[in-house]
Every structure is written in structure tokens, then in C-alpha cells.
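Below: data-v4.csv (CSV, C-alpha atoms)
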chain,number,residue,atom,x,y,z
A,182,MET,CA,27.0,38.8,-28.5
A,183,MET,CA,27.5,38.8,-24.7
A,184,ILE,CA,24.4,39.9,-22.6
A,185,ARG,CA,25.0,41.8,-19.4
A,186,PRO,CA,22.4,42.3,-16.6
A,187,GLY,CA,20.7,45.7,-16.5
A,188,THR,CA,20.8,46.3,-20.3
A,189,LYS,CA,18.0,46.6,-22.8
A,190,SER,CA,19.3,43.4,-24.4
A,191,VAL,CA,18.1,41.4,-21.4
A,192,THR,CA,14.6,42.7,-21.8
A,193,THR,CA,14.6,42.0,-25.5
A,194,MET,CA,15.9,38.5,-24.9
A,195,MET,CA,13.2,37.8,-22.3
A,196,LYS,CA,10.5,38.9,-24.7
A,197,LEU,CA,11.9,36.6,-27.4
A,198,MET,CA,12.0,33.7,-25.0
A,199,MET,CA,8.4,34.3,-23.9
A,200,ALA,CA,7.2,34.5,-27.5
A,201,LEU,CA,9.0,31.3,-28.3
A,202,LEU,CA,7.3,29.5,-25.4
A,203,CYS,CA,3.9,30.7,-26.6
A,204,VAL,CA,4.6,29.4,-30.1
A,205,LEU,CA,5.7,26.0,-28.6
A,206,ALA,CA,2.7,25.9,-26.4
A,207,ALA,CA,0.3,26.5,-29.3
A,208,ALA,CA,2.1,24.0,-31.6
A,209,PRO,CA,0.3,20.6,-32.0
A,210,SER,CA,1.7,17.8,-29.9
A,211,VAL,CA,3.8,15.2,-31.6
A,212,ARG,CA,2.2,11.8,-31.8
A,213,ALA,CA,3.8,8.4,-32.7
A,214,GLN,CA,2.5,7.0,-36.0
A,215,GLY,CA,1.4,3.5,-35.1
A,216,PRO,CA,3.2,1.1,-32.6
A,217,GLY,CA,6.6,1.7,-34.2
A,218,ARG,CA,9.2,-0.9,-35.2
A,219,PRO,CA,10.7,-3.2,-32.6
A,220,ILE,CA,14.4,-2.9,-31.8
A,221,ALA,CA,16.0,-6.3,-31.5
A,222,ILE,CA,19.4,-6.9,-29.9
A,223,GLY,CA,19.5,-10.7,-30.4
A,224,ARG,CA,17.6,-13.9,-30.8
A,225,GLU,CA,16.6,-16.8,-28.5
A,226,VAL,CA,17.3,-20.3,-29.7
A,227,ALA,CA,17.4,-23.7,-27.9
A,228,VAL,CA,19.9,-26.5,-28.3
A,229,ARG,CA,19.4,-30.1,-27.2
A,230,SER,CA,22.1,-31.2,-24.7
A,231,GLU,CA,22.4,-35.0,-24.5
A,232,ILE,CA,25.1,-34.5,-21.9
A,233,LEU,CA,22.8,-32.6,-19.6
A,234,GLY,CA,19.6,-34.4,-20.7
A,235,GLU,CA,17.7,-31.2,-21.4
A,236,ASP,CA,17.1,-28.4,-23.9
A,237,ARG,CA,19.2,-25.3,-23.2
A,238,PRO,CA,18.1,-21.8,-24.1
A,239,LEU,CA,20.6,-19.5,-25.7
A,240,LEU,CA,20.6,-15.8,-26.3
A,241,ILE,CA,22.6,-14.8,-29.4
A,242,HIS,CA,23.7,-11.3,-30.4
A,243,LEU,CA,25.3,-10.8,-33.8
A,244,PRO,CA,27.4,-7.7,-34.6
A,245,ALA,CA,26.0,-4.9,-36.8
A,246,GLY,CA,26.6,-5.7,-40.4
A,247,TYR,CA,27.0,-9.4,-39.8
A,248,GLY,CA,24.9,-10.2,-42.8
A,249,GLN,CA,26.9,-8.1,-45.2
A,250,ALA,CA,30.5,-8.6,-44.3
A,251,GLN,CA,32.0,-12.1,-44.7
A,252,ILE,CA,34.4,-11.9,-41.8
A,253,THR,CA,34.8,-13.8,-38.5
A,254,TYR,CA,34.2,-12.6,-35.0
A,255,PRO,CA,35.5,-13.5,-31.5
A,256,VAL,CA,32.8,-14.9,-29.2
A,257,LEU,CA,31.9,-13.8,-25.7
A,258,TYR,CA,30.2,-16.6,-23.8
A,259,LEU,CA,28.2,-15.0,-21.0
A,260,LEU,CA,27.0,-16.9,-18.0
A,261,ASP,CA,23.9,-15.9,-16.0
A,262,ALA,CA,22.6,-14.4,-19.3
A,263,GLU,CA,19.0,-13.9,-18.0
A,264,ALA,CA,20.5,-11.1,-15.8
A,265,HIS,CA,23.3,-9.7,-17.9
A,266,PHE,CA,22.6,-10.2,-21.6
A,267,VAL,CA,21.0,-6.9,-22.4
A,268,HIS,CA,23.5,-4.6,-20.7
A,269,VAL,CA,26.6,-6.6,-21.8
A,270,VAL,CA,25.4,-6.5,-25.4
A,271,GLY,CA,25.2,-2.7,-24.9
A,272,ILE,CA,28.8,-2.6,-23.6
A,273,VAL,CA,30.1,-4.7,-26.4
A,274,ASP,CA,28.4,-2.7,-29.2
A,275,TYR,CA,29.4,0.6,-27.6
A,276,LEU,CA,33.1,-0.3,-27.3
A,277,ALA,CA,33.2,-1.8,-30.8
A,278,MET,CA,31.4,1.2,-32.3
A,279,GLN,CA,32.9,2.2,-35.7
A,280,SER,CA,33.7,5.8,-34.7
A,281,PRO,CA,35.3,8.1,-37.3
A,282,ILE,CA,38.4,6.6,-38.9
A,283,PRO,CA,41.1,6.0,-38.0
A,284,GLN,CA,39.6,5.4,-34.5
A,285,ASN,CA,38.1,2.1,-35.2
A,286,GLY,CA,36.6,1.0,-31.9
A,287,LEU,CA,38.3,0.1,-28.7
A,288,ILE,CA,37.5,-3.6,-29.1
A,289,PRO,CA,36.5,-5.8,-32.1
A,290,GLN,CA,33.0,-6.5,-33.0
A,291,MET,CA,32.0,-9.8,-31.5
A,292,ILE,CA,29.3,-12.4,-31.2
A,293,VAL,CA,27.7,-12.6,-27.7
A,294,VAL,CA,26.3,-16.0,-26.7
A,295,GLY,CA,24.3,-15.7,-23.5
A,296,ILE,CA,23.7,-18.9,-21.5
A,297,PRO,CA,20.7,-18.6,-19.1
A,298,ASN,CA,20.5,-20.9,-16.2
A,299,THR,CA,18.3,-23.9,-15.8
A,300,ASN,CA,19.8,-25.1,-12.5
A,301,ARG,CA,22.5,-22.6,-11.5
A,302,PRO,CA,23.9,-24.4,-8.4
A,303,ARG,CA,24.1,-27.7,-10.2
A,304,ASP,CA,25.9,-26.4,-13.2
A,305,LEU,CA,28.2,-23.7,-11.8
A,306,THR,CA,29.4,-25.1,-8.5
A,307,PRO,CA,32.4,-27.4,-9.1
A,308,GLN,CA,32.6,-30.7,-7.2
A,309,ILE,CA,36.1,-30.4,-5.9
A,310,ALA,CA,35.8,-31.4,-2.3
A,311,GLN,CA,35.5,-34.9,-0.8
A,312,THR,CA,33.0,-33.6,1.8
A,313,ASP,CA,30.2,-31.4,0.6
A,314,THR,CA,30.3,-28.5,3.1
A,315,TYR,CA,28.0,-26.5,0.9
A,316,SER,CA,25.1,-29.0,0.7
A,317,ARG,CA,22.5,-26.7,2.3
A,318,TYR,CA,22.6,-24.5,-0.8
A,319,VAL,CA,23.7,-26.9,-3.5
A,320,PRO,CA,21.7,-30.1,-3.5
A,321,ALA,CA,23.7,-31.6,-6.3
A,322,ARG,CA,26.8,-30.6,-8.3
A,323,ASP,CA,27.2,-31.5,-11.9
A,324,SER,CA,29.5,-28.8,-13.2
A,325,GLU,CA,31.8,-31.3,-15.0
A,326,LYS,CA,28.8,-32.2,-17.1
A,327,PHE,CA,28.2,-28.5,-17.8
A,328,LEU,CA,31.8,-28.1,-18.7
A,329,ARG,CA,31.5,-31.0,-21.1
A,330,PHE,CA,28.3,-29.4,-22.5
A,331,LEU,CA,30.2,-26.2,-23.3
A,332,ASP,CA,33.2,-28.1,-24.9
A,333,GLU,CA,31.4,-30.8,-26.8
A,334,GLU,CA,28.0,-29.4,-27.6
A,335,LEU,CA,27.7,-25.6,-27.2
A,336,ILE,CA,30.9,-24.4,-28.7
A,337,PRO,CA,30.7,-26.7,-31.7
A,338,TYR,CA,27.1,-25.5,-32.3
A,339,VAL,CA,28.2,-21.9,-32.3
A,340,ASP,CA,31.2,-22.5,-34.5
A,341,ASP,CA,29.0,-24.5,-37.0
A,342,ASN,CA,26.3,-21.9,-37.2
A,343,PHE,CA,28.1,-18.6,-37.0
A,344,ARG,CA,31.3,-17.1,-38.5
A,345,THR,CA,33.5,-17.3,-35.4
A,346,ALA,CA,37.1,-16.4,-35.0
A,347,PRO,CA,39.3,-18.8,-33.0
A,348,TYR,CA,39.1,-16.6,-29.9
A,349,ARG,CA,36.7,-17.3,-27.1
A,350,ILE,CA,36.0,-15.3,-23.9
A,351,LEU,CA,34.1,-16.7,-20.8
A,352,ALA,CA,32.5,-14.2,-18.4
A,353,GLY,CA,30.8,-14.9,-15.1
A,354,HIS,CA,29.9,-13.2,-11.8
A,355,CYS,CA,29.8,-14.7,-8.3
A,356,LEU,CA,29.1,-18.4,-8.6
A,357,ALA,CA,29.6,-18.1,-12.4
A,358,GLY,CA,32.8,-16.3,-11.7
A,359,LEU,CA,33.9,-19.3,-9.7
A,360,PHE,CA,33.0,-21.5,-12.6
A,361,ALA,CA,35.1,-19.3,-14.9
A,362,ILE,CA,38.1,-19.9,-12.6
A,363,HIS,CA,37.3,-23.6,-12.5
A,364,SER,CA,37.1,-23.9,-16.3
A,365,LEU,CA,40.5,-22.3,-16.5
A,366,LEU,CA,42.0,-24.8,-14.0
A,367,ALA,CA,40.1,-27.8,-15.5
A,368,GLU,CA,40.2,-27.1,-19.3
A,369,PRO,CA,42.6,-24.3,-20.0
A,370,GLU,CA,42.4,-24.8,-23.8
A,371,MET,CA,38.7,-24.2,-24.0
A,372,PHE,CA,38.8,-20.4,-23.7
A,373,ASP,CA,41.3,-17.7,-24.4
A,374,ALA,CA,40.2,-15.1,-21.9
A,375,TYR,CA,38.3,-15.3,-18.6
A,376,LEU,CA,36.4,-12.5,-16.9
A,377,ALA,CA,35.8,-13.5,-13.3
A,378,ILE,CA,33.9,-10.9,-11.4
A,379,THR,CA,33.8,-11.4,-7.6
A,380,PRO,CA,34.2,-15.2,-8.0
A,381,TYR,CA,32.9,-17.2,-5.0
A,382,LEU,CA,36.3,-18.6,-4.0
A,383,ILE,CA,35.4,-19.2,-0.4
A,384,LEU,CA,33.6,-22.4,-1.5
A,385,ASP,CA,34.6,-25.4,0.7
A,386,GLU,CA,36.8,-23.4,2.9
A,387,LYS,CA,38.6,-21.8,0.0
A,388,LEU,CA,39.5,-25.1,-1.5
A,389,PRO,CA,39.7,-23.7,-5.1
A,390,LEU,CA,42.8,-21.8,-4.0
A,391,ALA,CA,44.6,-25.1,-3.2
A,392,TYR,CA,44.4,-26.1,-6.8
A,393,THR,CA,45.7,-22.9,-8.3
A,394,GLU,CA,49.4,-23.0,-7.4
A,395,PRO,CA,50.0,-26.6,-8.6
A,396,PHE,CA,48.0,-25.8,-11.8
A,397,LEU,CA,50.2,-22.8,-12.6
A,398,GLU,CA,53.4,-24.7,-11.9
A,399,GLU,CA,52.3,-27.5,-14.2
A,400,HIS,CA,51.4,-25.2,-17.1
A,401,PRO,CA,54.5,-23.0,-17.6
A,402,ASP,CA,53.4,-22.3,-21.2
A,403,LEU,CA,49.9,-21.1,-20.3
A,404,ASP,CA,48.8,-18.4,-22.7
A,405,CYS,CA,45.6,-16.7,-21.7
A,406,PHE,CA,44.0,-13.6,-20.2
A,407,LEU,CA,42.3,-13.4,-16.8
A,408,TYR,CA,40.5,-10.3,-15.5
A,409,LEU,CA,39.7,-10.6,-11.8
A,410,VAL,CA,37.4,-8.4,-9.7
A,411,ALA,CA,36.6,-8.2,-6.0
A,412,GLY,CA,33.3,-6.3,-5.3
A,413,ALA,CA,31.8,-5.1,-2.1
A,414,GLU,CA,31.2,-8.4,-0.4
A,415,ALA,CA,31.9,-10.0,3.0
A,416,GLU,CA,35.4,-9.6,4.3
A,417,GLU,CA,36.2,-13.3,4.0
A,418,TRP,CA,35.0,-13.4,0.4
A,419,VAL,CA,37.1,-10.5,-0.7
A,420,ALA,CA,40.1,-11.9,1.2
A,421,SER,CA,39.9,-15.1,-0.8
A,422,ILE,CA,40.0,-13.2,-4.0
A,423,ASP,CA,43.0,-11.2,-2.7
A,424,GLU,CA,44.7,-14.5,-1.9
A,425,PHE,CA,44.0,-15.8,-5.3
A,426,ALA,CA,45.6,-12.7,-6.8
A,427,GLY,CA,48.6,-13.2,-4.6
A,428,ILE,CA,49.1,-16.7,-6.0
A,429,LEU,CA,48.9,-15.3,-9.5
A,430,LYS,CA,51.5,-12.7,-8.7
A,431,GLU,CA,53.9,-15.3,-7.4
A,432,HIS,CA,53.3,-18.1,-9.8
A,433,ALA,CA,51.5,-17.0,-13.0
A,434,PRO,CA,53.6,-18.0,-16.1
A,435,GLU,CA,55.0,-15.3,-18.3
A,436,GLY,CA,52.5,-15.9,-21.1
A,437,MET,CA,49.5,-15.4,-18.8
A,438,ARG,CA,48.2,-11.8,-18.9
A,439,TRP,CA,46.1,-11.0,-15.9
A,440,ASP,CA,44.7,-8.0,-14.0
A,441,TYR,CA,43.1,-7.5,-10.6
A,442,ARG,CA,40.7,-4.7,-9.6
A,443,ARG,CA,39.1,-3.9,-6.3
A,444,MET,CA,35.6,-2.4,-6.7
A,445,THR,CA,34.5,-2.4,-3.1
A,446,ASP,CA,32.3,0.7,-3.5
A,447,ASP,CA,29.8,-1.2,-5.5
A,448,GLY,CA,27.3,-3.6,-4.2
A,449,HIS,CA,26.6,-7.2,-5.3
A,450,GLY,CA,25.6,-7.2,-9.0
A,451,VAL,CA,26.2,-3.5,-9.5
A,452,GLU,CA,29.9,-4.1,-10.2
A,453,VAL,CA,29.1,-6.4,-13.1
A,454,HIS,CA,28.4,-3.7,-15.6
A,455,LYS,CA,31.5,-1.6,-14.7
A,456,ALA,CA,33.7,-4.6,-14.4
A,457,LEU,CA,32.7,-6.0,-17.9
A,458,TYR,CA,33.3,-2.6,-19.5
A,459,ASP,CA,36.7,-2.3,-17.9
A,460,ALA,CA,37.6,-5.9,-18.5
A,461,LEU,CA,37.0,-5.7,-22.3
A,462,GLU,CA,39.0,-2.4,-22.5
A,463,THR,CA,41.9,-4.0,-20.6
A,464,LEU,CA,41.8,-7.2,-22.7
A,465,TYR,CA,41.9,-5.2,-25.9
A,466,ALA,CA,44.3,-2.5,-24.8
A,467,GLY,CA,46.0,-1.3,-28.0
A,468,TRP,CA,43.3,-2.5,-30.3
A,469,SER,CA,42.2,1.0,-31.4
A,470,ALA,CA,44.2,2.5,-34.3
A,471,PRO,CA,46.5,5.4,-33.4
A,472,ASP,CA,45.3,8.8,-34.7
A,473,ASP,CA,48.3,9.1,-37.1
A,474,LEU,CA,48.1,5.5,-38.4
A,475,LEU,CA,46.9,6.4,-41.9
A,476,ALA,CA,49.7,8.9,-42.3
A,477,GLY,CA,52.0,5.9,-42.4
A,478,GLY,CA,50.2,4.3,-45.4
A,479,LEU,CA,49.3,0.7,-46.0
A,480,ARG,CA,52.5,-0.6,-44.5
A,481,ALA,CA,51.7,1.0,-41.1
A,482,VAL,CA,48.2,-0.2,-41.2
A,483,GLU,CA,49.2,-3.8,-42.0
A,484,ALA,CA,51.9,-3.6,-39.3
A,485,HIS,CA,49.3,-2.5,-36.6
A,486,TYR,CA,46.9,-5.4,-37.4
A,487,GLY,CA,49.8,-7.8,-37.7
A,488,LYS,CA,50.8,-7.0,-34.2
A,489,LEU,CA,47.2,-7.6,-33.0
A,490,SER,CA,47.2,-10.9,-34.9
A,491,ARG,CA,50.2,-12.1,-33.0
A,492,LYS,CA,48.8,-10.9,-29.7
A,493,PHE,CA,45.5,-12.7,-30.1
A,494,GLY,CA,46.6,-15.7,-32.0
A,495,TYR,CA,44.5,-15.4,-35.1
A,496,THR,CA,44.5,-13.2,-38.2
A,497,VAL,CA,43.1,-9.8,-37.6
A,498,ASN,CA,42.7,-7.9,-40.9
A,499,PRO,CA,42.4,-4.1,-41.3
A,500,PRO,CA,38.8,-3.1,-41.4
A,501,GLU,CA,37.2,-2.3,-44.8
A,502,LEU,CA,36.3,1.2,-43.8
A,503,MET,CA,39.8,2.0,-42.7
A,504,LEU,CA,41.4,0.8,-46.0
A,505,ASN,CA,38.7,2.7,-47.9
A,506,GLN,CA,39.5,5.9,-46.0
A,507,LEU,CA,43.2,5.4,-46.6
A,508,GLY,CA,42.6,4.9,-50.3
A,509,TYR,CA,40.7,8.1,-50.7
A,510,LEU,CA,43.2,10.0,-48.7
A,511,LEU,CA,45.8,8.9,-51.2
A,512,LEU,CA,43.6,9.9,-54.1
A,513,GLN,CA,43.3,13.4,-52.6
A,514,GLN,CA,47.1,13.5,-52.5
A,515,ARG,CA,47.1,12.6,-56.2
A,516,ARG,CA,48.8,9.3,-55.4
A,517,ALA,CA,46.6,7.1,-57.6
A,518,ASP,CA,49.1,4.2,-57.8
A,519,ASP,CA,49.2,3.9,-54.0
A,520,ALA,CA,45.5,4.2,-53.8
A,521,ILE,CA,45.0,1.4,-56.3
A,522,GLU,CA,47.3,-0.8,-54.1
A,523,VAL,CA,45.2,-0.1,-51.1
A,524,PHE,CA,41.8,-0.6,-52.8
A,525,THR,CA,43.1,-3.8,-54.4
A,526,ARG,CA,44.0,-5.0,-50.9
A,527,ASN,CA,40.5,-4.2,-49.8
A,528,VAL,CA,39.1,-6.3,-52.6
A,529,GLU,CA,41.3,-9.2,-51.6
A,530,LEU,CA,40.1,-9.0,-48.0
A,531,TYR,CA,36.4,-8.2,-48.6
A,532,PRO,CA,35.4,-9.6,-52.0
A,533,GLY,CA,31.8,-9.7,-51.1
A,534,SER,CA,31.5,-5.9,-50.6
A,535,TRP,CA,30.2,-3.8,-53.5
A,536,ASN,CA,31.9,-0.7,-52.1
A,537,VAL,CA,35.5,-2.0,-52.5
A,538,TYR,CA,35.0,-2.4,-56.3
A,539,ASP,CA,33.3,1.0,-56.5
A,540,SER,CA,36.3,2.6,-54.8
A,541,LEU,CA,38.8,0.7,-57.0
A,542,GLY,CA,36.9,1.8,-60.1
A,543,GLU,CA,37.3,5.4,-59.0
A,544,ALA,CA,41.1,5.0,-58.5
A,545,HIS,CA,41.5,3.4,-61.9
A,546,LEU,CA,39.5,6.3,-63.4
A,547,ALA,CA,41.8,8.8,-61.7
A,548,ARG,CA,44.7,7.1,-63.5
A,549,GLY,CA,42.9,7.3,-66.8
A,550,GLU,CA,42.2,3.5,-67.0
A,551,LYS,CA,38.6,3.5,-68.2
A,552,GLU,CA,38.3,-0.2,-69.0
A,553,ALA,CA,39.6,-1.2,-65.6
A,554,ALA,CA,37.2,1.3,-64.0
A,555,ILE,CA,34.2,-0.1,-66.0
A,556,ARG,CA,35.0,-3.6,-64.9
A,557,ASN,CA,35.1,-2.7,-61.3
A,558,TYR,CA,31.9,-0.6,-61.4
A,559,LEU,CA,30.1,-3.5,-63.2
A,560,LYS,CA,31.3,-5.8,-60.4
A,561,SER,CA,30.1,-3.4,-57.8
A,562,LEU,CA,26.6,-3.3,-59.5
A,563,GLU,CA,26.6,-7.1,-59.8
A,564,ILE,CA,26.7,-7.2,-56.0
A,565,ASN,CA,24.6,-4.2,-55.4
A,566,PRO,CA,22.3,-3.2,-58.3
A,567,ASP,CA,21.2,-0.1,-56.3
A,568,ASN,CA,24.7,1.4,-56.2
A,569,VAL,CA,23.7,4.8,-57.5
A,570,ASN,CA,27.3,6.1,-57.7
A,571,GLY,CA,28.3,3.1,-59.8
A,572,ILE,CA,25.4,3.7,-62.2
A,573,GLN,CA,26.2,7.4,-62.6
A,574,MET,CA,29.9,6.8,-63.0
A,575,LEU,CA,29.3,4.2,-65.8
A,576,LYS,CA,27.1,6.7,-67.6
A,577,ARG,CA,29.7,9.4,-67.3
A,578,ILE,CA,32.5,7.2,-68.6
A,579,ARG,CA,30.5,6.0,-71.5
A,580,ARG,CA,29.5,9.5,-72.5
A,581,ASN,CA,33.1,10.5,-72.6
Just give me the structure of the file as C-alpha cells.
Amino acid sequence: MMIRPGTKSVTTMMKLMMALLCVLAAAPSVRAQGPGRPIAIGREVAVRSEILGEDRPLLIHLPAGYGQAQITYPVLYLLDAEAHFVHVVGIVDYLAMQSPIPQNGLIPQMIVVGIPNTNRPRDLTPQIAQTDTYSRYVPARDSEKFLRFLDEELIPYVDDNFRTAPYRILAGHCLAGLFAIHSLLAEPEMFDAYLAITPYLILDEKLPLAYTEPFLEEHPDLDCFLYLVAGAEAEEWVASIDEFAGILKEHAPEGMRWDYRRMTDDGHGVEVHKALYDALETLYAGWSAPDDLLAGGLRAVEAHYGKLSRKFGYTVNPPELMLNQLGYLLLQQRRADDAIEVFTRNVELYPGSWNVYDSLGEAHLARGEKEAAIRNYLKSLEINPDNVNGIQMLKRIRRN
């Protein structure tokens, strides 16, 4: 009903609103019951570095469902983690959110490894000049040791203790952005993607730029992704990043994907959040499944994730939820044979999931195959004894 000024309906509505306010005012206030349950986004651990001669703290974030799904995840290594871990974890989880199928997140779920500083200038400033023109700020430079720490100690520790996919991303801002560029030039096989936000390329009279062109010429088969940002910094600083982008434009090999963004409306540090969000979206452009993907059936789904596998250099499987959705869509279309094929594929990919067996049992039942249905429901209950649907379906099958 549309209400117009000057009618009795307005007066009536006002009276109702006043009455509602009186009720709300008289209602008892809501109080929290106890201190509540803490919400954790990660854990802090420490690893001993023999290379650096110190214990290094780490902040580790695992994706939602990590404990249930036996799959592997790419890893984002985040420098300056004491400043950026919380908000970057929020970005990663938001972009990877399992929204309604077939939209399956804009990026994959990933592990975030935050690396807080113990001696930032020492670790993140590369020793690339014969004369130390930056000595007033950097008393000592040992970034080569820090690079070795990443390569020989940290990455092996993460790979040994977590289910990692062979795809690693390094993200850094300012001095850490410079280190990200340095790691690309010094050890290009260590990471697959580099997110360098306002890197301090004016170090030693822009000496890092002198190393870039020869490196690119010597690595014609370079296959990586680089996201470069220039924030609102001093003119000379921004000009050095512009110059670096110009070198990339002229000399980057064909296999190197890169993008350059100017964010000169945002102050130092503010650009980090926006840049990381945009960088991950750009890196994973095309990751999200098209709206009509399920209409193409299992072959279309496999083709989409096959394309992603080729792009990122490791096997990317269709998500369990997507295949489950496709299987039930086929059941609704009375295509039980096709549904069984999809659910069987889900069992192959996710044998530790109780739900894939429950769904396969339902498909067999739709085709009148009671013994096959019973086997799958029993397997589902073996993994998850609390699967209510499986218990009820077994009772129903046995009654009939």
C-alpha cells in the first residue's frame, strides 16, 4: 500500500510507530550470556632459523573446512605480517567465499603465512650496491640470508606441516615490496606470483632498476605473475615505479603476466588493503565458474578446471559442492545415469567426505539399485555416524 501525505493512513501509521517504540522501550534489554566464544583467524607458531640464528614467529591462517577436506591449497606468504595479517586474511576469506553454486568464489581458498619482522631493515633491504648510500637507516643488510631462510627453512616447514599446492605467492609493501621485487630477480623459481605494493625502488639511486632489464633478457622463459602498485608517495618514488613498469612493458617475456596500477589518492599504508584485494582478483581472473557452467554438464565443469590447471601449473579439481550441485540437478532432470557419473567422480576426488557417498547412494536408489545405495549409505555413516539422512534412508530402504 502506498501512503500519501495528508491522508488518514499517515496518522494511523504514526500511531502504530509510536506504539511500537513504546513496546521496544518497555522490553528488557538484551544481555550477553557470559564472555562469549573467541573467534580465531589463525595461530602463532615459532620456527628456529639456523640461517638467521634466531627464532622466527609466524602467523598461520588455514581455510575454513581445512580439517574436513583432504585437498591442497596455494600459499600466500605475507611480509610485514604484524601490520597486515588480520585484514589480508579477511580479504582472502571474503574473495574465496563459497557463494551459491555455480559461483564458487573469485579466488581459491588458500593458506596465509604471515611473517612478522624481527629486524626489518636487515632482512628486507637487498645488498646490491658497492657503496652503502642508505646506511643512516639501514645499519646492516642481510637480505640474502633472509631469502635463504625462506627458501631452505620456511617454505619446507610449511610444505611439511600443511597441505600445500605447488603455487606460492609473495606479498609485500614499501620495503617489503622492494624485497618482493628482489626475490623475483634473485630467485625467480621460489614464488609463482609477486604482489609488490609501492616498492621502494629508489634505493641506492634506483639501482634495483639497473638489474631488471638484464634479468628479463636472460630469462625469456620466465613464467610468473607480478602485480605492481604505486601509491601516493614522493614524486621520485612514484617515478621509479613508473620506470620499472616501463622496463616491463619493453622487456617482459611473453610468459610473464603483470599488471601495474596507480593508487595515488591513497596515503602510505592505506593502499595496501585496496591493492591486495585488487591484486588477488587480477591474479585469479577467470577463476569463478560462469553462471551457465552446470548447464554444460560434467564435461564443461572438467574443462573449466582443466583450463585453470594449465594456467596455474598444478591440478585444480572441481569443488565437491559444485559436483554435488550438478549431480542433484541431473537427478531433478531424471537423468540418474549422468548423476551417478558425477557423484562417482566426486567420490574419486573427495573419498574422505561422508556427503559424497550419501549423494551417490541417493542416485543409485533413484535407479532402483538398493544394494548399491545401501553400500554407499553405510560408507557415509562409517565416516560420519551422525549423518541423519543416511540413517533415515537405510531404515526406509530396509522397510521396503
Shortest contact to Ala250 (chain A), candidates A:Phe406, A:Tyr465, A:Phe330, A:Trp535, atoms counted all atoms listed in the file, goes to A:Trp535
Using all atoms listed in the file, which residue out of A:Ser561, A:Ser364, A:Ser324, A:Gln513 lies closest to Ile350 (chain A)?
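Closest to Ile350 (chain A) of all the choices is A:Ser364.
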Given only C-alpha atoms as the basis, pick out the residue of A:Leu276, A:Gln514, A:Ala357, A:Asp519 nearest to Thr463 (chain A).
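Smallest distance to Thr463 (chain A) is found for A:Leu276.
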If you count all atoms listed in the file, which residues fall within 12 Å of Gly450 (chain A), apart from same-chain ones fewer than 4 positions away, as an mmCIF file with C-alpha atoms, keeping the file's coordinate frame?
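Output contents, as saved in out-v8.cif:
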data_model
loop_
_atom_site.group_PDB
_atom_site.id
_atom_site.type_symbol
_atom_site.label_atom_id
_atom_site.label_comp_id
_atom_site.auth_asym_id
_atom_site.auth_seq_id
_atom_site.Cartn_x
_atom_site.Cartn_y
_atom_site.Cartn_z
ATOM 1 C CA ASP A 261 23.900 -15.900 -16.000
ATOM 2 C CA ALA A 264 20.500 -11.100 -15.800
ATOM 3 C CA HIS A 265 23.300 -9.700 -17.900
ATOM 4 C CA GLY A 353 30.800 -14.900 -15.100
ATOM 5 C CA HIS A 354 29.900 -13.200 -11.800
ATOM 6 C CA CYS A 355 29.800 -14.700 -8.300
ATOM 7 C CA LEU A 356 29.100 -18.400 -8.600
ATOM 8 C CA GLY A 358 32.800 -16.300 -11.700
ATOM 9 C CA ILE A 378 33.900 -10.900 -11.400
ATOM 10 C CA THR A 379 33.800 -11.400 -7.600
ATOM 11 C CA PRO A 380 34.200 -15.200 -8.000
ATOM 12 C CA VAL A 410 37.400 -8.400 -9.700
ATOM 13 C CA ALA A 411 36.600 -8.200 -6.000
ATOM 14 C CA GLY A 412 33.300 -6.300 -5.300
ATOM 15 C CA ALA A 413 31.800 -5.100 -2.100
ATOM 16 C CA GLU A 414 31.200 -8.400 -0.400
ATOM 17 C CA MET A 444 35.600 -2.400 -6.700
ATOM 18 C CA THR A 445 34.500 -2.400 -3.100
ATOM 19 C CA ASP A 446 32.300 0.700 -3.500
ATOM 20 C CA HIS A 454 28.400 -3.700 -15.600
ATOM 21 C CA LYS A 455 31.500 -1.600 -14.700
ATOM 22 C CA ALA A 456 33.700 -4.600 -14.400
ATOM 23 C CA LEU A 457 32.700 -6.000 -17.900
#
Is there a way to get, as a PyMOL selection string, all residues within 10 Å of the point (39.7, -20.5, -32.0) in file coordinates, counting all atoms listed in the file?
chain A and resi 255-256+340+345-349+370-373+493-495
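The spacing separating CA of Ala433 (chain A) from CA of Leu409 (chain A) amounts to 13.5 Å.
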Can you work out which one of A:Ala517, A:Ile578, A:Met278, A:Leu328 has the shortest atom-to-atom distance to Arg548 (chain A), counting only C-alpha atoms?
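Among the listed residues, the smallest separation from Arg548 (chain A) belongs to A:Ala517.
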Selecting C-alpha atoms, how would region 406-427 of chain A from this structure be written as a compact mmCIF listing (two decimals), in the first residue's frame?
# COMPACT_ATOMS: atom_id res chain seq x y z
CA PHE A 406 52.69 -13.10 -12.24
CA LEU A 407 53.64 -9.65 -10.92
CA TYR A 408 51.20 -7.09 -9.58
CA LEU A 409 52.77 -3.67 -9.19
CA VAL A 410 51.28 -0.67 -7.38
CA ALA A 411 52.38 2.94 -6.94
CA GLY A 412 50.72 4.70 -4.03
CA ALA A 413 50.65 8.37 -3.02
CA GLU A 414 54.34 8.81 -2.26
CA ALA A 415 57.06 11.30 -3.10
CA GLU A 416 57.37 12.14 -6.78
CA GLU A 417 60.78 10.48 -7.11
CA TRP A 418 59.47 7.29 -5.51
CA VAL A 419 56.47 7.04 -7.82
CA ALA A 420 58.65 7.88 -10.82
CA SER A 421 60.92 4.92 -10.02
CA ILE A 422 57.93 2.57 -10.07
CA ASP A 423 56.77 4.11 -13.35
CA GLU A 424 60.23 3.48 -14.74
CA PHE A 425 60.17 -0.13 -13.59
CA ALA A 426 56.79 -0.62 -15.28
CA GLY A 427 58.26 0.86 -18.46
